[in-house]
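With mmCIF, C-alpha atoms inside, this is protein.cif:
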```cif
data_model
#
loop_
_atom_site.group_PDB
_atom_site.id
_atom_site.type_symbol
_atom_site.label_atom_id
_atom_site.label_comp_id
_atom_site.auth_asym_id
_atom_site.auth_seq_id
_atom_site.Cartn_x
_atom_site.Cartn_y
_atom_site.Cartn_z
ATOM 1 C CA MET A 5 76.905 -59.418 -15.018
ATOM 2 C CA ALA A 6 74.148 -58.247 -12.689
ATOM 3 C CA LYS A 7 70.734 -58.267 -14.254
ATOM 4 C CA SER A 8 68.763 -55.029 -14.389
ATOM 5 C CA SER A 9 65.222 -54.630 -13.082
ATOM 6 C CA ASN A 10 64.048 -54.648 -16.712
ATOM 7 C CA GLN A 11 65.389 -58.134 -17.352
ATOM 8 C CA LYS A 12 62.030 -59.764 -16.554
ATOM 9 C CA LEU A 13 60.484 -57.597 -19.307
ATOM 10 C CA LYS A 14 62.845 -58.932 -21.953
ATOM 11 C CA LEU A 15 60.228 -60.902 -23.912
ATOM 12 C CA LEU A 16 57.806 -57.964 -23.935
ATOM 13 C CA TYR A 17 60.462 -55.569 -25.220
ATOM 14 C CA LEU A 18 61.426 -58.086 -27.895
ATOM 15 C CA LEU A 19 57.830 -58.415 -29.078
ATOM 16 C CA LYS A 20 57.339 -54.636 -29.092
ATOM 17 C CA PHE A 21 60.514 -54.128 -31.139
ATOM 18 C CA LEU A 22 59.481 -56.757 -33.678
ATOM 19 C CA MET A 23 55.958 -55.342 -33.986
ATOM 20 C CA GLN A 24 57.137 -51.770 -34.475
ATOM 21 C CA ARG A 25 60.330 -52.173 -36.479
ATOM 22 C CA SER A 26 60.036 -55.288 -38.583
ATOM 23 C CA ASP A 27 58.193 -56.369 -41.697
ATOM 24 C CA GLU A 28 58.958 -58.506 -44.738
ATOM 25 C CA GLU A 29 61.145 -55.780 -46.229
ATOM 26 C CA HIS A 30 62.864 -54.949 -42.945
ATOM 27 C CA PRO A 31 63.841 -58.102 -40.989
ATOM 28 C CA LEU A 32 65.704 -57.477 -37.735
ATOM 29 C CA SER A 33 69.042 -59.204 -37.216
ATOM 30 C CA THR A 34 69.981 -60.830 -33.917
ATOM 31 C CA ALA A 35 72.597 -58.099 -33.443
ATOM 32 C CA GLN A 36 69.960 -55.361 -33.880
ATOM 33 C CA ILE A 37 67.703 -57.063 -31.363
ATOM 34 C CA ILE A 38 70.503 -57.362 -28.790
ATOM 35 C CA GLU A 39 71.390 -53.689 -29.332
ATOM 36 C CA GLU A 40 67.785 -52.577 -28.860
ATOM 37 C CA LEU A 41 67.420 -54.605 -25.666
ATOM 38 C CA ALA A 42 70.632 -53.095 -24.341
ATOM 39 C CA ARG A 43 69.193 -49.594 -24.879
ATOM 40 C CA ASN A 44 66.447 -50.602 -22.474
ATOM 41 C CA GLY A 45 68.895 -51.926 -19.882
ATOM 42 C CA ILE A 46 68.437 -55.594 -20.780
ATOM 43 C CA SER A 47 71.397 -57.880 -21.407
ATOM 44 C CA ALA A 48 71.007 -60.717 -23.910
ATOM 45 C CA GLU A 49 73.076 -63.329 -25.723
ATOM 46 C CA ARG A 50 72.420 -64.771 -29.167
ATOM 47 C CA LYS A 51 71.291 -68.138 -27.786
ATOM 48 C CA SER A 52 68.762 -66.471 -25.481
ATOM 49 C CA ILE A 53 67.319 -64.548 -28.446
ATOM 50 C CA TYR A 54 66.755 -67.801 -30.331
ATOM 51 C CA ALA A 55 64.967 -69.223 -27.289
ATOM 52 C CA ASP A 56 62.828 -66.079 -26.934
ATOM 53 C CA ILE A 57 61.829 -66.176 -30.611
ATOM 54 C CA GLU A 58 60.816 -69.806 -30.157
ATOM 55 C CA ALA A 59 58.722 -68.844 -27.116
ATOM 56 C CA LEU A 60 56.922 -66.169 -29.105
ATOM 57 C CA CYS A 61 56.169 -68.671 -31.868
ATOM 58 C CA GLN A 62 54.794 -71.181 -29.357
ATOM 59 C CA PHE A 63 52.554 -68.448 -27.964
ATOM 60 C CA GLY A 64 51.098 -67.910 -31.443
ATOM 61 C CA ILE A 65 53.047 -64.895 -32.712
ATOM 62 C CA ASP A 66 53.955 -65.342 -36.385
ATOM 63 C CA VAL A 67 57.693 -64.604 -36.272
ATOM 64 C CA VAL A 68 59.289 -65.388 -39.623
ATOM 65 C CA GLN A 69 63.010 -66.107 -39.953
ATOM 66 C CA VAL A 70 64.903 -64.953 -43.035
ATOM 67 C CA LYS A 71 68.165 -66.822 -43.523
ATOM 68 C CA GLY A 72 71.248 -65.497 -45.259
ATOM 69 C CA LYS A 73 73.654 -62.599 -45.004
ATOM 70 C CA ASN A 74 70.935 -59.950 -44.651
ATOM 71 C CA GLY A 75 68.550 -62.218 -42.798
ATOM 72 C CA GLY A 76 66.787 -61.794 -39.510
ATOM 73 C CA TYR A 77 63.307 -61.931 -38.047
ATOM 74 C CA TYR A 78 60.051 -60.142 -38.776
ATOM 75 C CA ILE A 79 56.365 -60.330 -37.819
ATOM 76 C CA GLY A 80 54.469 -62.104 -40.570
ATOM 77 C CA ALA A 81 50.706 -62.279 -40.057
ATOM 78 C CA ARG A 82 49.295 -59.391 -38.008
ATOM 79 C CA ASP A 83 45.819 -58.739 -36.644
ATOM 80 C CA PHE A 84 45.218 -56.315 -39.525
ATOM 81 C CA GLU A 85 46.624 -56.433 -43.040
ATOM 82 C CA ILE A 86 47.626 -53.186 -44.752
ATOM 83 C CA PRO A 87 44.566 -53.102 -47.079
ATOM 84 C CA GLU A 88 42.351 -53.474 -43.992
ATOM 85 C CA LEU A 89 44.150 -50.631 -42.216
ATOM 86 C CA LYS A 90 43.745 -48.471 -45.313
ATOM 87 C CA LEU A 91 39.987 -49.118 -45.174
ATOM 88 C CA LEU A 92 39.936 -48.006 -41.542
ATOM 89 C CA VAL A 93 41.920 -44.857 -42.361
ATOM 90 C CA ASP A 94 39.606 -44.024 -45.270
ATOM 91 C CA SER A 95 36.530 -44.545 -43.085
ATOM 92 C CA VAL A 96 37.853 -42.257 -40.361
ATOM 93 C CA GLN A 97 38.972 -39.462 -42.646
ATOM 94 C CA SER A 98 35.733 -39.508 -44.672
ATOM 95 C CA SER A 99 33.428 -39.431 -41.632
ATOM 96 C CA LYS A 100 31.888 -36.013 -41.120
ATOM 97 C CA PHE A 101 30.875 -36.710 -37.534
ATOM 98 C CA ILE A 102 34.524 -37.180 -36.456
ATOM 99 C CA THR A 103 36.257 -33.866 -35.821
ATOM 100 C CA GLN A 104 39.487 -33.073 -37.631
ATOM 101 C CA GLU A 105 41.513 -33.166 -34.401
ATOM 102 C CA LYS A 106 40.105 -36.582 -33.490
ATOM 103 C CA THR A 107 40.682 -37.783 -37.055
ATOM 104 C CA TYR A 108 44.425 -37.275 -36.770
ATOM 105 C CA LYS A 109 44.527 -38.973 -33.360
ATOM 106 C CA LEU A 110 42.578 -42.014 -34.556
ATOM 107 C CA ILE A 111 44.657 -42.399 -37.709
ATOM 108 C CA LYS A 112 47.819 -42.209 -35.600
ATOM 109 C CA LYS A 113 46.491 -45.088 -33.478
ATOM 110 C CA ILE A 114 45.661 -47.070 -36.625
ATOM 111 C CA GLU A 115 49.232 -46.522 -37.837
ATOM 112 C CA ASN A 116 50.505 -48.152 -34.643
ATOM 113 C CA LEU A 117 48.808 -51.384 -35.686
ATOM 114 C CA ALA A 118 51.390 -51.680 -38.484
ATOM 115 C CA SER A 119 55.158 -51.438 -38.598
ATOM 116 C CA VAL A 120 56.611 -47.921 -38.707
ATOM 117 C CA TYR A 121 57.368 -48.424 -42.397
ATOM 118 C CA ASP A 122 53.835 -49.415 -43.366
ATOM 119 C CA GLY A 123 52.535 -46.745 -40.996
ATOM 120 C CA GLN A 124 54.304 -44.128 -43.098
ATOM 121 C CA LEU A 125 52.504 -45.433 -46.169
ATOM 122 C CA LEU A 126 49.168 -45.015 -44.386
ATOM 123 C CA GLN A 127 50.079 -41.464 -43.368
ATOM 124 C CA ARG A 128 50.689 -40.513 -46.992
ATOM 125 C CA GLN A 129 47.026 -41.296 -47.698
ATOM 126 C CA VAL A 130 45.673 -38.819 -45.164
ATOM 127 C CA TYR A 131 44.011 -35.811 -46.804
ATOM 128 C CA VAL A 132 41.647 -34.258 -44.274
ATOM 129 C CA SER A 133 42.452 -30.539 -44.222
ATOM 130 C CA ASN A 134 39.674 -29.610 -46.661
ATOM 131 C CA ARG A 135 37.156 -32.201 -45.480
ATOM 132 C CA VAL A 136 33.946 -30.942 -43.882
ATOM 133 C CA LYS A 137 34.156 -32.292 -40.332
ATOM 134 C CA SER A 138 32.021 -32.087 -37.221
ATOM 135 C CA MET A 139 32.586 -29.155 -34.850
ATOM 136 C CA ASN A 140 31.325 -31.052 -31.795
ATOM 137 C CA GLU A 141 34.186 -32.802 -29.983
ATOM 138 C CA SER A 142 31.843 -34.218 -27.323
ATOM 139 C CA ILE A 143 30.276 -36.705 -29.758
ATOM 140 C CA TYR A 144 32.516 -39.510 -28.425
ATOM 141 C CA TYR A 145 31.238 -39.002 -24.888
ATOM 142 C CA ALA A 146 27.649 -38.882 -26.155
ATOM 143 C CA VAL A 147 28.043 -42.166 -28.055
ATOM 144 C CA ASP A 148 29.435 -43.788 -24.904
ATOM 145 C CA VAL A 149 26.523 -42.604 -22.753
ATOM 146 C CA ILE A 150 23.944 -43.676 -25.349
ATOM 147 C CA SER A 151 25.509 -47.138 -25.542
ATOM 148 C CA ASP A 152 25.453 -47.431 -21.739
ATOM 149 C CA ALA A 153 21.808 -46.365 -21.663
ATOM 150 C CA ILE A 154 20.846 -49.021 -24.205
ATOM 151 C CA ASN A 155 22.756 -51.722 -22.304
ATOM 152 C CA GLN A 156 21.287 -50.653 -18.960
ATOM 153 C CA ASN A 157 17.748 -50.105 -20.311
ATOM 154 C CA ARG A 158 17.604 -46.469 -19.189
ATOM 155 C CA LYS A 159 16.473 -43.181 -20.648
ATOM 156 C CA ILE A 160 18.803 -40.285 -21.382
ATOM 157 C CA ARG A 161 18.391 -36.512 -21.212
ATOM 158 C CA TYR A 162 20.181 -33.820 -23.182
ATOM 159 C CA LYS A 163 19.818 -30.512 -24.941
ATOM 160 C CA TYR A 164 19.552 -30.389 -28.724
ATOM 161 C CA PHE A 165 20.978 -27.591 -30.846
ATOM 162 C CA GLU A 166 21.539 -26.338 -34.365
ATOM 163 C CA TYR A 167 24.168 -23.977 -35.740
ATOM 164 C CA THR A 168 23.383 -20.412 -36.761
ATOM 165 C CA VAL A 169 25.016 -18.634 -39.702
ATOM 166 C CA GLU A 170 27.382 -17.116 -37.128
ATOM 167 C CA LYS A 171 28.498 -20.714 -36.337
ATOM 168 C CA GLU A 172 27.044 -20.459 -32.844
ATOM 169 C CA ARG A 173 24.880 -23.038 -31.111
ATOM 170 C CA ARG A 174 21.169 -22.307 -30.796
ATOM 171 C CA PHE A 175 19.327 -24.712 -28.503
ATOM 172 C CA ARG A 176 15.908 -25.947 -29.534
ATOM 173 C CA HIS A 177 12.852 -25.828 -27.239
ATOM 174 C CA ASN A 178 14.330 -22.706 -25.633
ATOM 175 C CA GLY A 179 17.113 -24.773 -24.103
ATOM 176 C CA ALA A 180 14.799 -27.287 -22.416
ATOM 177 C CA TYR A 181 16.051 -30.830 -21.900
ATOM 178 C CA TYR A 182 14.903 -33.719 -24.067
ATOM 179 C CA GLU A 183 14.254 -37.022 -22.304
ATOM 180 C CA VAL A 184 13.966 -40.064 -24.586
ATOM 181 C CA SER A 185 14.376 -43.834 -24.705
ATOM 182 C CA PRO A 186 17.399 -44.642 -26.926
ATOM 183 C CA PHE A 187 17.338 -47.850 -28.959
ATOM 184 C CA ALA A 188 20.003 -47.741 -31.654
ATOM 185 C CA LEU A 189 22.864 -45.778 -33.201
ATOM 186 C CA ILE A 190 22.710 -45.458 -36.979
ATOM 187 C CA TRP A 191 25.390 -44.256 -39.370
ATOM 188 C CA ASP A 192 23.635 -42.676 -42.355
ATOM 189 C CA ASP A 193 25.001 -40.349 -45.035
ATOM 190 C CA GLU A 194 28.254 -39.968 -43.062
ATOM 191 C CA ASN A 195 26.459 -38.813 -39.903
ATOM 192 C CA TYR A 196 25.720 -40.563 -36.607
ATOM 193 C CA TYR A 197 22.072 -40.681 -35.556
ATOM 194 C CA MET A 198 20.341 -41.973 -32.460
ATOM 195 C CA LEU A 199 17.011 -43.725 -32.906
ATOM 196 C CA ALA A 200 14.852 -43.126 -29.828
ATOM 197 C CA TRP A 201 11.269 -43.126 -28.585
ATOM 198 C CA ASP A 202 9.996 -39.648 -27.714
ATOM 199 C CA SER A 203 7.269 -40.017 -25.068
ATOM 200 C CA LYS A 204 5.898 -36.497 -25.517
ATOM 201 C CA ALA A 205 5.503 -36.880 -29.276
ATOM 202 C CA GLU A 206 4.545 -40.554 -28.880
ATOM 203 C CA GLN A 207 6.655 -41.632 -31.830
ATOM 204 C CA MET A 208 10.097 -42.855 -32.842
ATOM 205 C CA LYS A 209 12.491 -40.060 -33.800
ATOM 206 C CA HIS A 210 16.049 -39.578 -35.037
ATOM 207 C CA TYR A 211 18.572 -37.198 -33.521
ATOM 208 C CA ARG A 212 22.001 -36.183 -34.846
ATOM 209 C CA VAL A 213 24.449 -37.252 -32.138
ATOM 210 C CA ASP A 214 26.860 -34.411 -32.899
ATOM 211 C CA LYS A 215 24.049 -31.940 -32.099
ATOM 212 C CA MET A 216 23.306 -33.412 -28.674
ATOM 213 C CA PHE A 217 24.716 -31.518 -25.683
ATOM 214 C CA GLY A 218 25.126 -32.605 -22.055
ATOM 215 C CA VAL A 219 23.998 -36.201 -22.543
ATOM 216 C CA THR A 220 23.394 -37.990 -19.233
ATOM 217 C CA LEU A 221 21.726 -41.167 -17.986
ATOM 218 C CA THR A 222 18.499 -40.994 -15.999
ATOM 219 C CA GLU A 223 17.090 -43.441 -13.471
ATOM 220 C CA SER A 224 13.982 -44.085 -15.596
ATOM 221 C CA GLU A 225 13.622 -47.261 -17.631
ATOM 222 C CA ARG A 226 13.156 -47.079 -21.386
ATOM 223 C CA GLU A 227 9.692 -47.223 -22.929
ATOM 224 C CA HIS A 228 8.434 -49.224 -25.930
ATOM 225 C CA VAL A 229 11.288 -51.734 -25.687
ATOM 226 C CA GLU A 230 9.171 -54.673 -26.841
ATOM 227 C CA GLU A 231 7.938 -52.788 -29.913
ATOM 228 C CA PHE A 232 11.474 -51.859 -30.904
ATOM 229 C CA GLU A 233 12.733 -55.432 -30.552
ATOM 230 C CA LYS A 234 10.208 -56.437 -33.223
ATOM 231 C CA THR A 235 11.633 -53.862 -35.644
ATOM 232 C CA ASP A 236 13.682 -55.082 -38.605
ATOM 233 C CA MET A 237 16.457 -52.472 -38.478
ATOM 234 C CA SER A 238 17.819 -53.427 -41.888
ATOM 235 C CA ALA A 239 14.446 -52.818 -43.543
ATOM 236 C CA TYR A 240 13.843 -49.743 -41.400
ATOM 237 C CA THR A 241 17.038 -47.943 -42.415
ATOM 238 C CA LYS A 242 16.326 -48.632 -46.101
ATOM 239 C CA SER A 243 12.922 -46.971 -45.796
ATOM 240 C CA VAL A 244 14.182 -43.786 -44.138
ATOM 241 C CA PHE A 245 15.816 -41.079 -46.246
ATOM 242 C CA GLY A 246 18.113 -38.560 -44.585
ATOM 243 C CA MET A 247 16.885 -39.725 -41.169
ATOM 244 C CA PHE A 248 13.599 -37.860 -41.574
ATOM 245 C CA GLY A 249 10.964 -39.472 -39.367
ATOM 246 C CA GLY A 250 7.355 -40.162 -40.268
ATOM 247 C CA LYS A 251 4.965 -42.923 -41.248
ATOM 248 C CA GLU A 252 6.011 -45.470 -43.842
ATOM 249 C CA LYS A 253 3.957 -45.747 -47.012
ATOM 250 C CA ASN A 254 3.965 -48.196 -49.886
ATOM 251 C CA VAL A 255 5.151 -46.366 -52.995
ATOM 252 C CA LYS A 256 5.188 -47.619 -56.585
ATOM 253 C CA LEU A 257 8.129 -46.295 -58.618
ATOM 254 C CA ARG A 258 9.112 -46.572 -62.283
ATOM 255 C CA PHE A 259 12.768 -46.332 -63.366
ATOM 256 C CA ALA A 260 14.840 -46.553 -66.512
ATOM 257 C CA ASN A 261 16.734 -49.849 -66.643
ATOM 258 C CA TYR A 262 20.161 -48.252 -66.215
ATOM 259 C CA LEU A 263 19.127 -47.079 -62.736
ATOM 260 C CA ALA A 264 18.778 -50.642 -61.415
ATOM 261 C CA GLY A 265 22.086 -50.412 -59.554
ATOM 262 C CA ALA A 266 21.075 -47.197 -57.781
ATOM 263 C CA VAL A 267 17.730 -48.715 -56.751
ATOM 264 C CA PHE A 268 19.404 -51.897 -55.440
ATOM 265 C CA ASP A 269 21.926 -49.793 -53.511
ATOM 266 C CA ARG A 270 19.067 -47.979 -51.796
ATOM 267 C CA PHE A 271 16.556 -50.777 -51.175
ATOM 268 C CA GLY A 272 18.590 -53.977 -51.469
ATOM 269 C CA ARG A 273 18.631 -56.684 -54.109
ATOM 270 C CA ASP A 274 15.803 -58.675 -52.554
ATOM 271 C CA ILE A 275 13.064 -56.290 -53.759
ATOM 272 C CA ILE A 276 10.693 -57.517 -56.477
ATOM 273 C CA VAL A 277 11.410 -55.975 -59.883
ATOM 274 C CA ILE A 278 8.679 -55.908 -62.520
ATOM 275 C CA LYS A 279 9.703 -55.242 -66.122
ATOM 276 C CA ASP A 280 7.799 -52.441 -67.836
ATOM 277 C CA GLY A 281 8.606 -52.727 -71.510
ATOM 278 C CA ASP A 282 12.158 -53.042 -72.774
ATOM 279 C CA SER A 283 13.595 -49.923 -71.162
ATOM 280 C CA HIS A 284 11.955 -49.539 -67.739
ATOM 281 C CA PHE A 285 11.072 -51.456 -64.571
ATOM 282 C CA ILE A 286 8.676 -50.970 -61.638
ATOM 283 C CA VAL A 287 9.215 -51.582 -57.910
ATOM 284 C CA ASN A 288 6.978 -51.334 -54.859
ATOM 285 C CA VAL A 289 8.815 -50.186 -51.739
ATOM 286 C CA SER A 290 7.910 -49.056 -48.238
ATOM 287 C CA VAL A 291 9.433 -45.634 -47.503
ATOM 288 C CA VAL A 292 9.029 -42.560 -45.348
ATOM 289 C CA ALA A 293 7.966 -40.046 -48.001
ATOM 290 C CA SER A 294 10.119 -37.224 -46.655
ATOM 291 C CA PRO A 295 11.547 -34.276 -48.629
ATOM 292 C CA GLN A 296 14.792 -36.259 -48.829
ATOM 293 C CA PHE A 297 12.993 -39.135 -50.554
ATOM 294 C CA LEU A 298 11.394 -36.770 -53.082
ATOM 295 C CA ALA A 299 14.802 -35.177 -53.717
ATOM 296 C CA TRP A 300 16.295 -38.642 -54.316
ATOM 297 C CA VAL A 301 13.669 -39.430 -56.950
ATOM 298 C CA PHE A 302 13.937 -35.912 -58.430
ATOM 299 C CA GLY A 303 17.679 -36.366 -58.858
ATOM 300 C CA PHE A 304 17.106 -38.981 -61.577
ATOM 301 C CA GLY A 305 15.138 -36.521 -63.691
ATOM 302 C CA GLU A 306 12.712 -37.936 -66.237
ATOM 303 C CA ASP A 307 14.154 -41.428 -65.796
ATOM 304 C CA ALA A 308 12.356 -41.900 -62.456
ATOM 305 C CA GLN A 309 8.650 -41.519 -61.729
ATOM 306 C CA ILE A 310 6.343 -41.942 -58.733
ATOM 307 C CA LEU A 311 3.303 -43.886 -59.914
ATOM 308 C CA SER A 312 1.365 -44.054 -56.654
ATOM 309 C CA PRO A 313 -0.052 -43.115 -54.197
ATOM 310 C CA ASP A 314 -1.660 -39.949 -55.549
ATOM 311 C CA GLU A 315 -0.865 -37.796 -52.482
ATOM 312 C CA ILE A 316 2.865 -38.389 -52.908
ATOM 313 C CA ARG A 317 2.643 -37.720 -56.650
ATOM 314 C CA LEU A 318 0.906 -34.432 -55.815
ATOM 315 C CA GLU A 319 3.579 -33.551 -53.256
ATOM 316 C CA MET A 320 6.308 -34.203 -55.836
ATOM 317 C CA LYS A 321 4.486 -31.949 -58.313
ATOM 318 C CA LYS A 322 4.248 -29.151 -55.737
ATOM 319 C CA GLN A 323 7.942 -29.402 -54.907
ATOM 320 C CA ALA A 324 8.905 -29.371 -58.581
ATOM 321 C CA GLU A 325 6.749 -26.272 -59.198
ATOM 322 C CA LEU A 326 8.288 -24.468 -56.221
ATOM 323 C CA ILE A 327 11.766 -25.206 -57.488
ATOM 324 C CA ALA A 328 10.855 -24.146 -61.035
ATOM 325 C CA LYS A 329 9.669 -20.749 -59.747
ATOM 326 C CA LYS A 330 13.147 -20.108 -58.326
ATOM 327 C CA TYR A 331 14.536 -20.114 -61.869
ATOM 328 C CA CYS A 332 11.826 -18.089 -63.646
#
```

Represent the structure contained in this file as structure tokens.
Amino acid sequence: MAKSSNQKLKLLYLLKFLMQRSDEEHPLSTAQIIEELARNGISAERKSIYADIEALCQFGIDVVQVKGKNGGYYIGARDFEIPELKLLVDSVQSSKFITQEKTYKLIKKIENLASVYDGQLLQRQVYVSNRVKSMNESIYYAVDVISDAINQNRKIRYKYFEYTVEKERRFRHNGAYYEVSPFALIWDDENYYMLAWDSKAEQMKHYRVDKMFGVTLTESEREHVEEFEKTDMSAYTKSVFGMFGGKEKNVKLRFANYLAGAVFDRFGRDIIVIKDGDSHFIVNVSVVASPQFLAWVFGFGEDAQILSPDEIRLEMKKQAELIAKKYC
């Protein structure tokens, strides 16, 4: 029998078929494999299949043989286990900065990392229709350009916008371009932010990536690179609430004991905890005292208190009074 032009692709087709159509519950028989190869114009005999399976095993593919009447072959260990793929699916569908259209496309690609049977199980977990998602599809291009700029040590320029109540874009600075030195991408509170040095303001700022428009590289080199490289990003992100910029201040806080978990989640377990009686504890942390930080403390009600400095205590009092007036 004359061999078809696809014959040289036999091993690749075999691997693809095993990856897509086999798992522990669905082993593929030699007859099924021969039939599938024939559909792709490839002739095969049983002995050649055995030799091909052996070749795949020698290459490092975990092909498991099940003996018996309903036996066959299936892919055992894969690059990703099902629980890991479920984590990826959950991360994608819960991310606000990924648009709904892109969410479905990414999840479909994640499904392809499993067999079609396990992929169906992943699909059943997708509930994104009522999820608040980003409206800016260009975020993926922006992330790519920002990453290139960081790697190539170059500035970027772009326009920055916000949405009006009519769901239309309104550009800040009357549509003028921003030109900054990007240093890092940060995922905070389900949004993507870029940390960059703003030369005009002479300070580090955060920008929502999904609100950046027309991001391009410039020929100018980044500024303040050495200062950024000294920054402890782990400590920095703990100190910033809601990506509001500003100067860090040392703040003394008092909490009820049951809030220890919430405090550790925010600042890490390496902070020093000082007991204050049997029911409370005190911590000293460095934070940017933004409105988001005050709202975080306020959310714990009377079980959380700012002890110092006085200017932040006064700011909390003012905010509380303003809110109270709304309900008079």

Test item: the PyMOL selection byres ((chain A and resi 159) around 12) resolved as a PyMOL selection string = chain A and resi 149-158+160-162+182-187+200-203+219-229

Which residues match the PyMOL selection byres ((chain A and resi 310-324) around 8) in the file above, as a PDB file with C-alpha atoms, in the frame of the given file?
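Produced file result.pdb, reproduced below:
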```
ATOM      1  CA  ASN A 254       3.965 -48.196 -49.886  1.00  0.00           C
ATOM      2  CA  VAL A 255       5.151 -46.366 -52.995  1.00  0.00           C
ATOM      3  CA  LYS A 256       5.188 -47.619 -56.585  1.00  0.00           C
ATOM      4  CA  LEU A 257       8.129 -46.295 -58.618  1.00  0.00           C
ATOM      5  CA  ARG A 258       9.112 -46.572 -62.283  1.00  0.00           C
ATOM      6  CA  ALA A 293       7.966 -40.046 -48.001  1.00  0.00           C
ATOM      7  CA  LEU A 298      11.394 -36.770 -53.082  1.00  0.00           C
ATOM      8  CA  VAL A 301      13.669 -39.430 -56.950  1.00  0.00           C
ATOM      9  CA  ALA A 308      12.356 -41.900 -62.456  1.00  0.00           C
ATOM     10  CA  GLN A 309       8.650 -41.519 -61.729  1.00  0.00           C
ATOM     11  CA  GLU A 325       6.749 -26.272 -59.198  1.00  0.00           C
ATOM     12  CA  LEU A 326       8.288 -24.468 -56.221  1.00  0.00           C
ATOM     13  CA  ILE A 327      11.766 -25.206 -57.488  1.00  0.00           C
ATOM     14  CA  ALA A 328      10.855 -24.146 -61.035  1.00  0.00           C
TER      15      ALA A 328
END
```

note = Computed gap from atom CA of Glu28 of chain A to atom CA of Gly75 of chain A is 10.5 Å

ask   = So how far away is atom CA of Ile46 of chain A from atom CA of Asn10 of chain A, in Å?
value = 6.1 Å

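You will find atom CA of Asp282 of chain A at 22.7 Å from atom CA of Arg270 of chain A.
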
message = So that I can check the surroundings of Pro31 of chain A, please list as a PyMOL selection string every protein, DNA and RNA residue that reaches within 7 Å of it, counting all atoms listed in the file and ignoring chain neighbours fewer than 6 positions away.
response = chain A and resi 75-78

task = Carefully work through the PyMOL selection byres ((chain A and resi 260) around 8) for this structure and note down the residues it includes, as a PyMOL selection string.
result = chain A and resi 258-259+261-264+283-285+307-308

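Nearest residue to Ile286 of chain A among A:Val267, A:Glu252, A:Lys329, A:Glu206 is A:Val267, counting all atoms listed in the file.
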
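The nearest approach to Phe217 of chain A among the residues A:Phe165, A:Lys204, A:Ala266, A:Ala42, with all atoms listed in the file taken into account, belongs to A:Phe165.
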
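Proximity of A:Ser47, A:Ser33, A:Gln97, A:Gln24 to Ser9 of chain A, computed with only C-alpha atoms, is greatest for A:Ser47.
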
query = For Asp236 of chain A, which of A:Ile79, A:Ala188, A:Ile111, A:Ile143 is the closest residue, counting all atoms listed in the file?
reply =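 The closest residue to Asp236 of chain A is A:Ala188.
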
task = Please return, as number ranges by chain, all polymer residues that have at least one atom within 12 Å of the point (51.6, -47.6, -47.0); use only C-alpha atoms and the file's own coordinate frame.
result = A: 85-91, 93, 114-115, 118-130

request  = Give me the residues within 12 Å of Ala48 of chain A as number ranges by chain, counting all atoms listed in the file and dropping any in the same chain fewer than 4 places off.
outcome  = A: 5-8, 10-15, 17-18, 34-44, 52-56

Please define a box with edges along x, y and z of the file around all atoms of segment 10-15 of chain A given in the file, extend it by 4 Å on each side, and return its centre and edge lengths in Å to one decimal, as lines of an AutoDock Vina configuration file.
```
center_x = 62.8
center_y = -57.8
center_z = -20.2
size_x = 13.2
size_y = 14.3
size_z = 15.4
```

Output: segment 182-192 of chain A of the preceding structure, restricted to N, CA and C atoms, written as an mmCIF file, in the first residue's frame.
```cif
data_model
loop_
_atom_site.group_PDB
_atom_site.id
_atom_site.type_symbol
_atom_site.label_atom_id
_atom_site.label_comp_id
_atom_site.auth_asym_id
_atom_site.auth_seq_id
_atom_site.Cartn_x
_atom_site.Cartn_y
_atom_site.Cartn_z
ATOM 1 N N TYR A 182 0.171 61.221 28.198
ATOM 2 C CA TYR A 182 1.039 61.020 29.362
ATOM 3 C C TYR A 182 2.327 60.380 28.857
ATOM 4 N N GLU A 183 3.446 60.731 29.451
ATOM 5 C CA GLU A 183 4.712 60.070 29.141
ATOM 6 C C GLU A 183 5.398 59.729 30.462
ATOM 7 N N VAL A 184 5.545 58.437 30.751
ATOM 8 C CA VAL A 184 6.042 57.997 32.052
ATOM 9 C C VAL A 184 7.070 56.889 31.885
ATOM 10 N N SER A 185 7.737 56.582 32.994
ATOM 11 C CA SER A 185 8.715 55.490 33.038
ATOM 12 C C SER A 185 8.096 54.308 33.767
ATOM 13 N N PRO A 186 7.670 53.262 33.052
ATOM 14 C CA PRO A 186 7.009 52.117 33.701
ATOM 15 C C PRO A 186 8.013 51.220 34.420
ATOM 16 N N PHE A 187 7.602 50.690 35.578
ATOM 17 C CA PHE A 187 8.497 49.832 36.345
ATOM 18 C C PHE A 187 7.898 48.484 36.713
ATOM 19 N N ALA A 188 6.584 48.418 36.885
ATOM 20 C CA ALA A 188 5.999 47.147 37.310
ATOM 21 C C ALA A 188 4.511 47.110 36.983
ATOM 22 N N LEU A 189 3.991 45.882 36.830
ATOM 23 C CA LEU A 189 2.561 45.652 36.694
ATOM 24 C C LEU A 189 2.084 44.987 37.971
ATOM 25 N N ILE A 190 1.016 45.510 38.538
ATOM 26 C CA ILE A 190 0.515 45.030 39.829
ATOM 27 C C ILE A 190 -0.945 44.641 39.686
ATOM 28 N N TRP A 191 -1.284 43.479 40.200
ATOM 29 C CA TRP A 191 -2.680 43.034 40.220
ATOM 30 C C TRP A 191 -3.210 43.276 41.624
ATOM 31 N N ASP A 192 -4.122 44.225 41.773
ATOM 32 C CA ASP A 192 -4.652 44.580 43.085
ATOM 33 C C ASP A 192 -6.162 44.729 43.004
#
```
